[in-house]
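Structure record follows, encoded as structure tokens.
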Amino acid sequence: MKLADRMNRLGTETAFEVLVRAKALEAQGTDVVHLEIGEPDFDTPANIIDAGCNALRNGWTHYGPAAGQPDLRATIADYINHRGTAYTPGNVVVTPGGKPIMFFVMLALLQAGDEAIFPDPGFPIYRSMIDFSGATAVSMPLREVNDFRLDVAELAKLITPRTKLLIINSPANPTGGVLERADLEAISRLAIEHDLIVLSDEIYAEILYEGEHVSIASLPGMAERTIILDGFSKTYAMTGWRLGYGVMPTDLADQVAKLMVNSVSCTASATQRAGLEALTGPQDDVRAMLDAFRGRRSLIVEGLNAIPGVTCRMPKGAFYAFPNISATGLSSKVFADRLLDEFGVAALAGTSFGDHGEGYLRLSYANSEENLTKALQRIDAAVRSLA
Ligand code: PLP
């Protein structure tokens, strides 16, 4: 079939491909530790599951408003306003997962001739969607020496009169890096000076191990030029429910709602009722998950640093370790492939997240301590086999 040219510009997310390869190896009898997929290993808290099931029994089986149920939009606005913003329900669009916000916002804003700056290494769909929109993707390197925070002086040099959109992600996938208030203030000054729109992916806002999450939207002059992307997948272990949202100026929210009408009509009604319970119900399970991630973070980072030739910074947020494996002499891709095929650990090459991911691996530590210990032993064996 002859495809439209734009399909040549669409990328993908390697995590799902590696999962398929790992499952195929398991089907042949190989024991695999899964550190490739970025999702909590916990099940959704019981009160949220009950709310979803009850909603289905109570008639929430119909279409709903394209932008989301009014009470959920209002609750999300209140929730986000704890970050120091003053949003109303009209600023919120509820979507099936946070990912569609990238898709819709970039379709709504970008076209050929525009430039959009994306974090590298960063979530691969940013670049994929910039390319798909016809705009030019401009890589913003995130460096280990800078704890994977972006370098504002370097960012300033990437901005041209054509730059329309800047994407930031804090806490970050795949590095666990966190932007500090001073970074965000400097970024906001650049955004205002150059009239940039900022897509601020804050999906890991609650998975933060030290300090307080700062949203760039809370800084002076930023709410009118920022889109916050957030959702329930990570915080409430709801990846399979598909529930996320964007918070943005109302004129853009109306356009994103129009893209909802043209694509999926609305987010599943019962899922939205479950989301309402997630935000308004007890938060003990969220705290327990964070405590578990914190313990695993120490386990994996200390374990990686004990392997000769591997170094790993302590990530400040999210649930990923991003060890530097360049001293092994192998490329990220070759090392990750060997780790899976010969040692039974599914991990992602840093280059799955951009060219600046070369020399690194991404390991999701949303897994049991037992499995993490097993993975560390196998990574150690893999590195030693090269000596
Ligand atoms: N943003 C980042 C940085 C992510 O890592 C992910 C998921 O891995 C998403 C957004 C999308 O999450 P969702 O499952 O809500 O679509």
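Going through the structure tokens in order, the chains are called A, B, and so on, while each chain numbers its residues from 1 and the ligands are numbered from 1 in the order shown.
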| request: Would you please extract all strand (DSSP E) residues from range 338-373 of chain A, as assigned by DSSP on the backbone, and give them as a PyMOL selection string? | output: chain A and resi 345-346+348-349+361-364
Write a file of the just-selected residues containing N, CA and C atoms, as a compact mmCIF listing (two decimals), in the first residue's frame.
# COMPACT_ATOMS: atom_id res chain seq x y z
N VAL A 345 18.65 -9.69 30.71
CA VAL A 345 18.16 -8.43 31.31
C VAL A 345 17.67 -7.54 30.17
N ALA A 346 16.40 -7.18 30.21
CA ALA A 346 15.85 -6.29 29.18
C ALA A 346 16.00 -4.85 29.66
N LEU A 348 16.97 -0.62 28.02
CA LEU A 348 16.93 0.16 26.79
C LEU A 348 18.26 0.87 26.57
N ALA A 349 18.69 0.91 25.29
CA ALA A 349 19.90 1.67 24.94
C ALA A 349 19.59 3.15 25.14
N LEU A 361 22.60 3.42 29.41
CA LEU A 361 21.46 2.49 29.36
C LEU A 361 20.35 3.09 30.20
N ARG A 362 19.09 2.78 29.87
CA ARG A 362 18.02 3.16 30.80
C ARG A 362 17.46 1.90 31.44
N LEU A 363 17.50 1.89 32.77
CA LEU A 363 16.96 0.77 33.54
C LEU A 363 15.79 1.29 34.37
N SER A 364 14.62 0.72 34.17
CA SER A 364 13.49 1.09 35.02
C SER A 364 13.58 0.28 36.31
May I have a table of the residues of chain A lying at most 7 Å from ligand 1, giving each one's closest pair of atoms and their distance in Å to one decimal, counting only C-alpha atoms and all ligand atoms, ordered by chain and ascending residue number, as a tab-separated table?
residue	atom	partner	partner_atom_place_in_ligand_line	distance
A:Gly38	CA	ligand 1	8 (O)	5.3
A:Glu39	CA	ligand 1	8 (O)	6.9
A:Gly97	CA	ligand 1	15 (O)	3.6
A:Gly98	CA	ligand 1	15 (O)	3.6
A:Lys99	CA	ligand 1	16 (O)	3.8
A:Pro100	CA	ligand 1	16 (O)	6.7
A:Phe123	CA	ligand 1	3 (C)	5.3
A:Asn169	CA	ligand 1	3 (C)	6.3
A:Ala172	CA	ligand 1	3 (C)	6.1
A:Asn173	CA	ligand 1	3 (C)	5.0
A:Asp201	CA	ligand 1	1 (N)	5.9
A:Ile203	CA	ligand 1	1 (N)	5.6
A:Gly231	CA	ligand 1	15 (O)	5.3
A:Phe232	CA	ligand 1	15 (O)	6.4
A:Ser233	CA	ligand 1	15 (O)	4.8
A:Thr239	CA	ligand 1	14 (O)	5.0
A:Arg242	CA	ligand 1	14 (O)	6.3
A:Leu243	CA	ligand 1	15 (O)	6.1
A:Gly244	CA	ligand 1	15 (O)	5.1
Which of these residues is nearest to Val301 in chain A, using only C-alpha atoms: A:Ala191, A:Leu376, A:Val93, A:Ala327?
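Of A:Ala191, A:Leu376, A:Val93, A:Ala327, the one nearest Val301 in chain A is A:Leu376, counting only C-alpha atoms.
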